[in-house]
There are 2 protein chains.
Amino acid sequence: MNESKFLNWIYGRGGLDPAVVPVGPGDDMAVVNFPHEQLLVAVDQVLDGVHFDLAAHGPEAAGRKAMARNLSDIAAMAAIPVGAVASVAMPAGLDQADAQAIYHGLRKMGDEFNCPLVGGDVACWGKTTGPLQISVTVFARPADGVTPVLRSGSQAGDAICVTGKLGGAWYSDRHLHFTPRVREAVALARQYEIHAMIDISDGLAKDLGRLCEASGVGAKLQADAIPCHEIAAGRSDVSPLTAALSDGEDYELLLTLPPAQARQLCDDKIPMMGAVAGAKRQPRCLTEPVGITCVGTITKTPSLVIIDANGTSRSLPDSGWEHTT
Amino acid sequence: MNESKFLNWIYGRGGLDPAVVPVGPGDDMAVVNFPHEQLLVAVDQVLDGVHFDLAAHGPEAAGRKAMARNLSDIAAMAAIPVGAVASVAMPAGLDQADAQAIYHGLRKMGDEFNCPLVGGDVACWGKTTGPLQISVTVFARPADGVTPVLRSGSQAGDAICVTGKLGGAWYSDRHLHFTPRVREAVALARQYEIHAMIDISDGLAKDLGRLCEASGVGAKLQADAIPCHEIAAGRSDVSPLTAALSDGEDYELLLTLPPAQARQLCDDKIPMMGAVAGAKRQPRCLTEPVGITCVGTITKTPSLVIIDANGTSRSLPDSGWEHTT
């Protein structure tokens with residue numbers, strides 16, 4: 001099974017009533033119309049050996065990551081967390097203290113973002129040997145005055161921006177202890193005309209591809225504008241650029257907006273990366289000093305291109321994380 | 001880890017704002033107050049080797065069961081399904097067709113109850129060998145004019161009733177192909193004053209214990225009134241009564257209501273079991289011929305007692321399904 005192929009098959013199923021489900025599978029969250037309210041909902045899971053290493057990271061970090069990934073999906077819609085539920089499949093060998101540590105990881109992360117854990121389910125692998133798996137579902141509501149930001153609204157000519165720095169997350173504890181950009185997303189959507197947004201979980205290249213496909217557009221990235229993380233820069237096996245494009249697990253925001261607004265949002269010439277001392281200006285909209293960098297432009301032609309430092313264009317490889325059996 | 005002990009620890013955590021989460025962990029669904037609407041939410045998972053046998057039952061039946069178990073939780077609150085999301089952890093060896101079969105199982109079951117699958121997540125166990133695991137979260141809304149029915153409302157003197165027949169579900173395909181009692185629950189709650197309700201997933205004894213604990217009451221069961229399923233009656237390893245009390249996976253409703261209403265609901269002397277020909281009367285409330293049987297009485301004393309056919313009282317063993325590592 002190939003994840004992208006399977007998801008594309010699902011997106012083609014249809015059959016959902018758009019009056020009830022205005023946004024179905026294919027965005028960071030689904031949008032469901034209740035009689036008097038709009039609900040956003042997303043599910044995401046973490047598997048031992050895939051998204052974390054239980055022996056190395058411990059159960060609390062696994063729980064934290066499971067919740068934080070979902071909060072990142074809420075950020076990608078610029079929505080407000082309301083609550084979460086979780087299911088945990090427990091392997092043999094974990095005990096009560098481990099179960100409590102998973103709970104604490106989930107709960108503390110949720111509580112930081114006013115996203116209470118309101119329910120759950122725990123089951124144990126019996127005779128079958130199964131590893132730890134945690135599935136979290138979050139639900140959210142639109143922020144006051146903010147329409148949920150979809151992947152599908154990008155327009156040719158939009159500037160492409162990212163928060164923070166990219167690459168190498170797996171080579172530090174950043175993939176476990178990142179801060180979901182929930183507050184930043186709402187602040188951005190309140191002050192700027194964000195056309196489309198997605199969180200970067202599988203790598204800039206892959207997630208930009210998803211955003212472009214949903215919007216029916218293409219993109220041109222400026223290689224030397226991409227904010228590579230120090231960890232990525234310190235790797236010897238791949239270039240910092242490749243790491244920033246393909247590693248994934250950054251949980252930063254990728255957004256597109258009109259270029260004039262992007263100029264207002266961040267200084268094009270000196271991209272602000274994190275809380276870098278001496279950065280000319282911190283983005284006005286942010287509640288904590290997270291940098292925003294313009295990394296390219298949305299194009300009408302539906303292809304992904306990267307322009308290297310020497311001005312050479314090449315097509316952006318479809319690298320990044322892909323689940324396969 | 002012991003499931004009950006862990007869940008009791010969670011129920012003691014607290015810290016949820018009752019204005020936002022009037023019903024937290026400890027019922028069949030959580031209830032969450034949105035600004036203009038009440039949302040009910042529940043999560044439940046199925047594991048290969050525990051809740052189904054992939055080799056024997058196939059992927060579509062696994063998907064169906066994952067959704068149906070959650071619909072049964074909606075039934076237990078007498079609520080109306082709104083939608084669902086699912087996460088699937090795929091083992092090596094399953095292919096695109098298997099993934100599609102899981103989707104069909106989930107989707108068709110949901111669609112039968114107007115519970116569209118609006119989103120999901122698929123991941124693959126990588127180098128780690130992991131079995132198939134499906135987690136489903138459902139969300140629901142209160143039925144018009146019906147307050148969600150909790151586990152905690154039972155009163156001493158209430159009659160205890162169950163739908164359908166109990167026991168032996170795992171020894172047929174009933175644990176896979178049961179019909180969640182969503183329609184029946186809403187019809188019951190509209191016409192009768194149901195004080196408390198739970199679905200029977202881990203056995204009558206265990207789930208009655210949960211309901212009584214939540215309500216701070218006890219119960220007396222009449223052994224010869226308990227509607228044992230034919231499959232349970234045909235087993236040689238345990239008595240039909242033991243099977244009905246302990247097997248679980250029935251996904252029938254267990255409810256308590258004032259005795260006068262219970263008499264109105266079903267004939268005390270000739271319990272109606274399913275569509276038994278010649279049954280004196282079908283319950284007026286039901287949209288399909290599902291029997292309702294009175295099986296006992298709620299008591300003030302918080303103990304569980306069963307009265308055998310010969311009139312002997314004994315304490316009800318805390319048997320039934322329990323997850324442990």
# chains A, B, ... in the order shown; residues from 1 in each chain; ligands from 1
>>> closest_atom_pairs(of="chain A", to="chain B", cutoff="8 Å", atoms="only C-alpha atoms", output="CSV")
residue,atom,partner,partner_atom,distance
A:Met1,CA,B:Asp95,CA,4.4
A:Asn2,CA,B:Gln96,CA,7.1
A:Glu3,CA,B:Val122,CA,7.0
A:Phe6,CA,B:Gln96,CA,6.6
A:Leu16,CA,B:Pro116,CA,6.9
A:Val21,CA,B:Val118,CA,7.2
A:Gly24,CA,B:Val118,CA,5.1
A:Pro25,CA,B:Gly119,CA,4.7
A:Gly26,CA,B:Gly119,CA,7.8
A:Met29,CA,B:Gly119,CA,7.4
A:Ala30,CA,B:Gly119,CA,6.1
A:Phe34,CA,B:Glu37,CA,7.8
A:Pro35,CA,B:Glu37,CA,8.0
A:His36,CA,B:His36,CA,6.0
A:Glu37,CA,B:His36,CA,6.3
A:Val41,CA,B:Gly119,CA,7.8
A:Ala42,CA,B:Gly119,CA,6.6
A:Val43,CA,B:Gly120,CA,5.8
A:Asp44,CA,B:Asp121,CA,5.6
A:Gln45,CA,B:Ser87,CA,6.8
A:Leu47,CA,B:Trp125,CA,7.1
A:Asp48,CA,B:Thr128,CA,7.7
A:Gly49,CA,B:Thr128,CA,5.7
A:Val50,CA,B:Gly126,CA,6.2
A:Val82,CA,B:Phe34,CA,7.9
A:Val85,CA,B:Val43,CA,6.5
A:Ala86,CA,B:Val43,CA,6.8
A:Ser87,CA,B:Val43,CA,6.5
A:Ala89,CA,B:Leu47,CA,7.9
A:Met90,CA,B:Thr325,CA,7.2
A:Pro91,CA,B:Thr325,CA,6.7
A:Ala92,CA,B:Thr325,CA,4.7
A:Gly93,CA,B:Thr325,CA,6.4
A:Leu94,CA,B:Thr325,CA,6.7
A:Asp95,CA,B:Met1,CA,4.4
A:Gln96,CA,B:Met1,CA,4.6
A:Ala99,CA,B:Met1,CA,7.4
A:Gln100,CA,B:Phe6,CA,7.7
A:Pro116,CA,B:Leu16,CA,6.9
A:Val118,CA,B:Gly24,CA,5.1
A:Gly119,CA,B:Pro25,CA,4.7
A:Gly120,CA,B:Val43,CA,5.8
A:Asp121,CA,B:Asp44,CA,5.6
A:Val122,CA,B:Glu3,CA,7.0
A:Ala123,CA,B:His323,CA,5.7
A:Cys124,CA,B:His323,CA,5.5
A:Trp125,CA,B:Val50,CA,6.7
A:Gly126,CA,B:Val50,CA,6.2
A:Lys127,CA,B:Gly49,CA,7.1
A:Thr128,CA,B:Gly49,CA,5.7
A:Thr129,CA,B:Gly130,CA,7.5
A:Gly130,CA,B:Gly130,CA,5.2
A:Pro131,CA,B:Gly130,CA,6.1
A:Ser135,CA,B:Ser135,CA,6.8
A:Thr137,CA,B:Thr137,CA,6.8
A:His323,CA,B:Cys124,CA,5.6
A:Thr324,CA,B:Cys124,CA,6.0
A:Thr325,CA,B:Ala92,CA,4.8
>>> residues_around(residues="B:Ala169", least_positions_apart="4", cutoff="9 Å", atoms="only C-alpha atoms", output="number ranges by chain")
B: 173-176, 229, 231-232, 247-250
>>> write_last_selection(atoms="N, CA and C atoms", output="PDB file, in the first residue's frame")
ATOM      1  N   ASP B 173     -20.610 -14.944  14.044  1.00  0.00           N
ATOM      2  CA  ASP B 173     -20.098 -13.680  13.485  1.00  0.00           C
ATOM      3  C   ASP B 173     -20.850 -12.475  14.065  1.00  0.00           C
ATOM      4  N   ARG B 174     -21.589 -12.709  15.152  1.00  0.00           N
ATOM      5  CA  ARG B 174     -22.398 -11.633  15.740  1.00  0.00           C
ATOM      6  C   ARG B 174     -21.536 -10.482  16.256  1.00  0.00           C
ATOM      7  N   HIS B 175     -20.334 -10.775  16.765  1.00  0.00           N
ATOM      8  CA  HIS B 175     -19.476  -9.706  17.276  1.00  0.00           C
ATOM      9  C   HIS B 175     -18.950  -8.820  16.146  1.00  0.00           C
ATOM     10  N   LEU B 176     -19.067  -9.312  14.912  1.00  0.00           N
ATOM     11  CA  LEU B 176     -18.655  -8.515  13.748  1.00  0.00           C
ATOM     12  C   LEU B 176     -19.848  -7.847  13.076  1.00  0.00           C
ATOM     13  N   HIS B 229     -28.558 -15.971  24.496  1.00  0.00           N
ATOM     14  CA  HIS B 229     -28.575 -16.184  23.042  1.00  0.00           C
ATOM     15  C   HIS B 229     -28.457 -17.673  22.735  1.00  0.00           C
ATOM     16  N   ILE B 231     -26.654 -19.147  20.672  1.00  0.00           N
ATOM     17  CA  ILE B 231     -25.247 -19.558  20.558  1.00  0.00           C
ATOM     18  C   ILE B 231     -24.681 -19.857  21.943  1.00  0.00           C
ATOM     19  N   ALA B 232     -25.050 -19.012  22.922  1.00  0.00           N
ATOM     20  CA  ALA B 232     -24.582 -19.227  24.295  1.00  0.00           C
ATOM     21  C   ALA B 232     -25.173 -20.525  24.829  1.00  0.00           C
ATOM     22  N   ASP B 247     -19.522 -13.049  28.514  1.00  0.00           N
ATOM     23  CA  ASP B 247     -18.852 -13.089  27.210  1.00  0.00           C
ATOM     24  C   ASP B 247     -18.575 -11.698  26.649  1.00  0.00           C
ATOM     25  N   GLY B 248     -19.558 -10.823  26.719  1.00  0.00           N
ATOM     26  CA  GLY B 248     -19.407  -9.498  26.128  1.00  0.00           C
ATOM     27  C   GLY B 248     -19.563  -9.527  24.620  1.00  0.00           C
ATOM     28  N   GLU B 249     -19.258  -8.377  23.987  1.00  0.00           N
ATOM     29  CA  GLU B 249     -19.363  -8.230  22.524  1.00  0.00           C
ATOM     30  C   GLU B 249     -20.810  -8.348  22.047  1.00  0.00           C
ATOM     31  N   ASP B 250     -21.782  -8.119  22.950  1.00  0.00           N
ATOM     32  CA  ASP B 250     -23.188  -8.203  22.552  1.00  0.00           C
ATOM     33  C   ASP B 250     -23.652  -6.927  21.857  1.00  0.00           C
TER      34      ASP B 250
END
>>> select_by_dssp(residues="stretch 17-171 of chain B", states="strand (DSSP E)", output="JSON list (two decimals) with N, CA, C and O atoms, in the first residue's frame")
[["chain", "number", "residue", "atom", "x", "y", "z"],
["B", 30, "ALA", "N", -18.17, 11.48, 25.80],
["B", 30, "ALA", "CA", -18.01, 12.76, 26.49],
["B", 30, "ALA", "C", -19.01, 13.74, 25.89],
["B", 30, "ALA", "O", -19.42, 13.61, 24.73],
["B", 31, "VAL", "N", -19.42, 14.71, 26.69],
["B", 31, "VAL", "CA", -20.29, 15.77, 26.20],
["B", 31, "VAL", "C", -19.51, 17.08, 26.32],
["B", 31, "VAL", "O", -18.95, 17.37, 27.39],
["B", 32, "VAL", "N", -19.45, 17.82, 25.24],
["B", 32, "VAL", "CA", -18.68, 19.06, 25.19],
["B", 32, "VAL", "C", -19.59, 20.19, 24.74],
["B", 32, "VAL", "O", -20.32, 20.05, 23.76],
["B", 33, "ASN", "N", -19.57, 21.30, 25.48],
["B", 33, "ASN", "CA", -20.38, 22.45, 25.10],
["B", 33, "ASN", "C", -19.61, 23.36, 24.16],
["B", 33, "ASN", "O", -18.60, 23.95, 24.54],
["B", 34, "PHE", "N", -20.09, 23.44, 22.94],
["B", 34, "PHE", "CA", -19.63, 24.48, 22.01],
["B", 34, "PHE", "C", -20.44, 25.73, 22.36],
["B", 34, "PHE", "O", -21.43, 25.65, 23.08],
["B", 37, "GLU", "N", -23.93, 24.87, 20.76],
["B", 37, "GLU", "CA", -24.33, 23.49, 20.44],
["B", 37, "GLU", "C", -23.66, 22.54, 21.41],
["B", 37, "GLU", "O", -22.60, 22.84, 21.95],
["B", 38, "GLN", "N", -24.29, 21.38, 21.62],
["B", 38, "GLN", "CA", -23.65, 20.36, 22.43],
["B", 38, "GLN", "C", -23.13, 19.27, 21.50],
["B", 38, "GLN", "O", -23.85, 18.80, 20.62],
["B", 39, "LEU", "N", -21.89, 18.88, 21.73],
["B", 39, "LEU", "CA", -21.24, 17.85, 20.92],
["B", 39, "LEU", "C", -20.99, 16.64, 21.81],
["B", 39, "LEU", "O", -20.54, 16.78, 22.95],
["B", 40, "LEU", "N", -21.29, 15.45, 21.30],
["B", 40, "LEU", "CA", -20.92, 14.22, 22.00],
["B", 40, "LEU", "C", -19.81, 13.56, 21.20],
["B", 40, "LEU", "O", -19.84, 13.57, 19.96],
["B", 41, "VAL", "N", -18.83, 13.00, 21.89],
["B", 41, "VAL", "CA", -17.69, 12.41, 21.19],
["B", 41, "VAL", "C", -17.21, 11.16, 21.92],
["B", 41, "VAL", "O", -17.24, 11.09, 23.15],
["B", 42, "ALA", "N", -16.82, 10.15, 21.15],
["B", 42, "ALA", "CA", -16.28, 8.91, 21.72],
["B", 42, "ALA", "C", -15.24, 8.34, 20.78],
["B", 42, "ALA", "O", -15.31, 8.54, 19.57],
["B", 43, "VAL", "N", -14.28, 7.64, 21.35],
["B", 43, "VAL", "CA", -13.26, 6.95, 20.55],
["B", 43, "VAL", "C", -13.20, 5.51, 20.99],
["B", 43, "VAL", "O", -13.39, 5.19, 22.16],
["B", 44, "ASP", "N", -12.97, 4.63, 20.03],
["B", 44, "ASP", "CA", -12.88, 3.21, 20.33],
["B", 44, "ASP", "C", -12.03, 2.56, 19.24],
["B", 44, "ASP", "O", -12.04, 3.00, 18.10],
["B", 45, "GLN", "N", -11.31, 1.52, 19.63],
["B", 45, "GLN", "CA", -10.39, 0.91, 18.68],
["B", 45, "GLN", "C", -10.60, -0.60, 18.61],
["B", 45, "GLN", "O", -11.13, -1.21, 19.53],
["B", 46, "VAL", "N", -10.16, -1.19, 17.51],
["B", 46, "VAL", "CA", -10.13, -2.66, 17.39],
["B", 46, "VAL", "C", -8.71, -3.07, 16.98],
["B", 46, "VAL", "O", -8.07, -2.43, 16.14],
["B", 47, "LEU", "N", -8.25, -4.16, 17.61],
["B", 47, "LEU", "CA", -6.90, -4.67, 17.38],
["B", 47, "LEU", "C", -6.99, -6.09, 16.81],
["B", 47, "LEU", "O", -7.77, -6.91, 17.30],
["B", 79, "ALA", "N", -28.11, 9.34, 21.40],
["B", 79, "ALA", "CA", -27.77, 10.52, 20.60],
["B", 79, "ALA", "C", -27.85, 10.20, 19.10],
["B", 79, "ALA", "O", -28.09, 9.06, 18.71],
["B", 80, "ILE", "N", -27.65, 11.24, 18.30],
["B", 80, "ILE", "CA", -27.78, 11.13, 16.84],
["B", 80, "ILE", "C", -26.38, 11.25, 16.21],
["B", 80, "ILE", "O", -25.70, 12.26, 16.41],
["B", 81, "PRO", "N", -25.97, 10.25, 15.43],
["B", 81, "PRO", "CA", -24.64, 10.33, 14.79],
["B", 81, "PRO", "C", -24.53, 11.54, 13.86],
["B", 81, "PRO", "O", -25.50, 11.89, 13.19],
["B", 82, "VAL", "N", -23.36, 12.14, 13.85],
["B", 82, "VAL", "CA", -23.10, 13.24, 12.93],
["B", 82, "VAL", "C", -21.97, 12.88, 11.97],
["B", 82, "VAL", "O", -22.05, 13.14, 10.78],
["B", 83, "GLY", "N", -20.93, 12.23, 12.47],
["B", 83, "GLY", "CA", -19.83, 11.87, 11.58],
["B", 83, "GLY", "C", -18.75, 11.13, 12.34],
["B", 83, "GLY", "O", -18.83, 10.95, 13.56],
["B", 84, "ALA", "N", -17.74, 10.70, 11.60],
["B", 84, "ALA", "CA", -16.67, 9.90, 12.19],
["B", 84, "ALA", "C", -15.36, 10.17, 11.47],
["B", 84, "ALA", "O", -15.35, 10.60, 10.31],
["B", 85, "VAL", "N", -14.26, 9.95, 12.18],
["B", 85, "VAL", "CA", -12.95, 9.89, 11.56],
["B", 85, "VAL", "C", -12.28, 8.60, 12.02],
["B", 85, "VAL", "O", -12.66, 8.04, 13.06],
["B", 86, "ALA", "N", -11.32, 8.12, 11.25],
["B", 86, "ALA", "CA", -10.67, 6.85, 11.58],
["B", 86, "ALA", "C", -9.18, 6.94, 11.34],
["B", 86, "ALA", "O", -8.73, 7.60, 10.40],
["B", 87, "SER", "N", -8.40, 6.28, 12.18],
["B", 87, "SER", "CA", -6.99, 6.07, 11.88],
["B", 87, "SER", "C", -6.75, 4.58, 11.73],
["B", 87, "SER", "O", -7.37, 3.77, 12.42],
["B", 88, "VAL", "N", -5.88, 4.24, 10.79],
["B", 88, "VAL", "CA", -5.58, 2.84, 10.50],
["B", 88, "VAL", "C", -4.06, 2.65, 10.53],
["B", 88, "VAL", "O", -3.34, 3.37, 9.84],
["B", 89, "ALA", "N", -3.59, 1.72, 11.37],
["B", 89, "ALA", "CA", -2.17, 1.35, 11.38],
["B", 89, "ALA", "C", -2.05, 0.05, 10.60],
["B", 89, "ALA", "O", -2.57, -0.99, 11.01],
["B", 90, "MET", "N", -1.39, 0.14, 9.45],
["B", 90, "MET", "CA", -1.36, -0.97, 8.49],
["B", 90, "MET", "C", -0.12, -1.84, 8.69],
["B", 90, "MET", "O", 1.00, -1.34, 8.71],
["B", 117, "LEU", "N", -17.99, 9.12, 7.14],
["B", 117, "LEU", "CA", -16.56, 9.13, 7.46],
["B", 117, "LEU", "C", -15.99, 10.38, 6.81],
["B", 117, "LEU", "O", -15.89, 10.47, 5.59],
["B", 118, "VAL", "N", -15.65, 11.38, 7.63],
["B", 118, "VAL", "CA", -15.26, 12.68, 7.08],
["B", 118, "VAL", "C", -13.75, 12.89, 7.03],
["B", 118, "VAL", "O", -13.27, 13.87, 6.45],
["B", 119, "GLY", "N", -12.99, 12.01, 7.65],
["B", 119, "GLY", "CA", -11.55, 12.18, 7.62],
["B", 119, "GLY", "C", -10.85, 10.98, 8.19],
["B", 119, "GLY", "O", -11.49, 10.10, 8.77],
["B", 120, "GLY", "N", -9.52, 10.93, 8.01],
["B", 120, "GLY", "CA", -8.80, 9.79, 8.54],
["B", 120, "GLY", "C", -7.32, 9.95, 8.43],
["B", 120, "GLY", "O", -6.81, 10.97, 7.94],
["B", 121, "ASP", "N", -6.64, 8.95, 8.90],
["B", 121, "ASP", "CA", -5.18, 8.93, 8.83],
["B", 121, "ASP", "C", -4.75, 7.49, 8.64],
["B", 121, "ASP", "O", -5.29, 6.58, 9.28],
["B", 122, "VAL", "N", -3.80, 7.28, 7.74],
["B", 122, "VAL", "CA", -3.27, 5.93, 7.55],
["B", 122, "VAL", "C", -1.76, 5.98, 7.75],
["B", 122, "VAL", "O", -1.09, 6.91, 7.31],
["B", 123, "ALA", "N", -1.24, 5.02, 8.49],
["B", 123, "ALA", "CA", 0.20, 4.91, 8.71],
["B", 123, "ALA", "C", 0.56, 3.44, 8.60],
["B", 123, "ALA", "O", -0.29, 2.56, 8.77],
["B", 124, "CYS", "N", 1.82, 3.19, 8.29],
["B", 124, "CYS", "CA", 2.26, 1.80, 8.14],
["B", 124, "CYS", "C", 3.34, 1.50, 9.16],
["B", 124, "CYS", "O", 4.25, 2.31, 9.36],
["B", 133, "GLN", "N", -4.50, -2.18, 13.31],
["B", 133, "GLN", "CA", -5.21, -1.51, 14.39],
["B", 133, "GLN", "C", -6.05, -0.41, 13.76],
["B", 133, "GLN", "O", -5.57, 0.32, 12.90],
["B", 134, "ILE", "N", -7.31, -0.33, 14.14],
["B", 134, "ILE", "CA", -8.20, 0.70, 13.60],
["B", 134, "ILE", "C", -8.82, 1.45, 14.78],
["B", 134, "ILE", "O", -9.40, 0.83, 15.67],
["B", 135, "SER", "N", -8.68, 2.75, 14.77],
["B", 135, "SER", "CA", -9.27, 3.59, 15.82],
["B", 135, "SER", "C", -10.31, 4.50, 15.16],
["B", 135, "SER", "O", -10.02, 5.14, 14.16],
["B", 136, "VAL", "N", -11.50, 4.52, 15.72],
["B", 136, "VAL", "CA", -12.57, 5.36, 15.16],
["B", 136, "VAL", "C", -13.04, 6.33, 16.23],
["B", 136, "VAL", "O", -13.23, 5.95, 17.39],
["B", 137, "THR", "N", -13.19, 7.58, 15.85],
["B", 137, "THR", "CA", -13.82, 8.57, 16.72],
["B", 137, "THR", "C", -15.13, 8.98, 16.07],
["B", 137, "THR", "O", -15.17, 9.31, 14.89],
["B", 138, "VAL", "N", -16.20, 8.93, 16.85],
["B", 138, "VAL", "CA", -17.50, 9.39, 16.34],
["B", 138, "VAL", "C", -17.92, 10.63, 17.10],
["B", 138, "VAL", "O", -17.58, 10.80, 18.27],
["B", 139, "PHE", "N", -18.65, 11.49, 16.42],
["B", 139, "PHE", "CA", -19.26, 12.61, 17.11],
["B", 139, "PHE", "C", -20.73, 12.64, 16.78],
["B", 139, "PHE", "O", -21.18, 12.19, 15.72],
["B", 140, "ALA", "N", -21.46, 13.14, 17.74],
["B", 140, "ALA", "CA", -22.92, 13.03, 17.68],
["B", 140, "ALA", "C", -23.53, 14.28, 18.30],
["B", 140, "ALA", "O", -22.82, 15.09, 18.89],
["B", 141, "ARG", "N", -24.83, 14.42, 18.14],
["B", 141, "ARG", "CA", -25.54, 15.53, 18.78],
["B", 141, "ARG", "C", -26.74, 14.96, 19.52],
["B", 141, "ARG", "O", -27.22, 13.86, 19.19],
["B", 142, "PRO", "N", -27.24, 15.68, 20.51],
["B", 142, "PRO", "CA", -28.42, 15.19, 21.21],
["B", 142, "PRO", "C", -29.60, 15.10, 20.23],
["B", 142, "PRO", "O", -29.75, 15.96, 19.35],
["B", 159, "ALA", "N", -36.31, -0.60, 37.28],
["B", 159, "ALA", "CA", -36.19, -1.88, 36.59],
["B", 159, "ALA", "C", -34.97, -1.84, 35.68],
["B", 159, "ALA", "O", -34.62, -0.79, 35.14],
["B", 160, "ILE", "N", -34.30, -2.99, 35.56],
["B", 160, "ILE", "CA", -33.14, -3.12, 34.67],
["B", 160, "ILE", "C", -33.59, -3.89, 33.43],
["B", 160, "ILE", "O", -34.13, -5.00, 33.55],
["B", 161, "CYS", "N", -33.43, -3.32, 32.27],
["B", 161, "CYS", "CA", -33.84, -3.98, 31.04],
["B", 161, "CYS", "C", -32.65, -4.11, 30.08],
["B", 161, "CYS", "O", -31.71, -3.32, 30.14],
["B", 162, "VAL", "N", -32.73, -5.11, 29.22],
["B", 162, "VAL", "CA", -31.73, -5.24, 28.16],
["B", 162, "VAL", "C", -32.44, -5.46, 26.83],
["B", 162, "VAL", "O", -33.55, -6.02, 26.79],
["B", 163, "THR", "N", -31.81, -5.01, 25.76],
["B", 163, "THR", "CA", -32.32, -5.32, 24.43],
["B", 163, "THR", "C", -31.70, -6.64, 23.97],
["B", 163, "THR", "O", -30.61, -7.02, 24.43]]
>>> residues_around(residues="A:Ala75", least_positions_apart="3", cutoff="12 Å", atoms="only C-alpha atoms", output="ChimeraX atom specification")
/A:28-29,40,42,68-72,78-81,113,138-143,148-150,163,179-189,197-200,251-255
>>> select_by_dssp(residues="stretch 50-290 of chain B", states="alpha helix (DSSP H)", output="PyMOL selection string")
chain B and resi 54-76+96-112+174-177+182-191+204-215+230-233+240-246+259-265
>>> atom_distance(atom1="atom CA of B:Leu166", atom2="atom CA of B:Arg263")
20.9 Å
>>> closest_residue(among="B:Gly167, B:Gly157, B:Pro59, B:Pro259", to="B:Ala205", atoms="only C-alpha atoms")
B:Gly167
>>> residues_around(residues="A:Asp158", least_positions_apart="4", cutoff="8 Å", atoms="only C-alpha atoms", output="ChimeraX atom specification")
/A:154,256-259,297-299
>>> atom_distance(atom1="atom CA of A:Ile194", atom2="atom CA of A:Gln261")
9.0 Å
>>> atom_distance(atom1="atom CA of A:Ser172", atom2="atom CA of A:Pro317")
24.7 Å
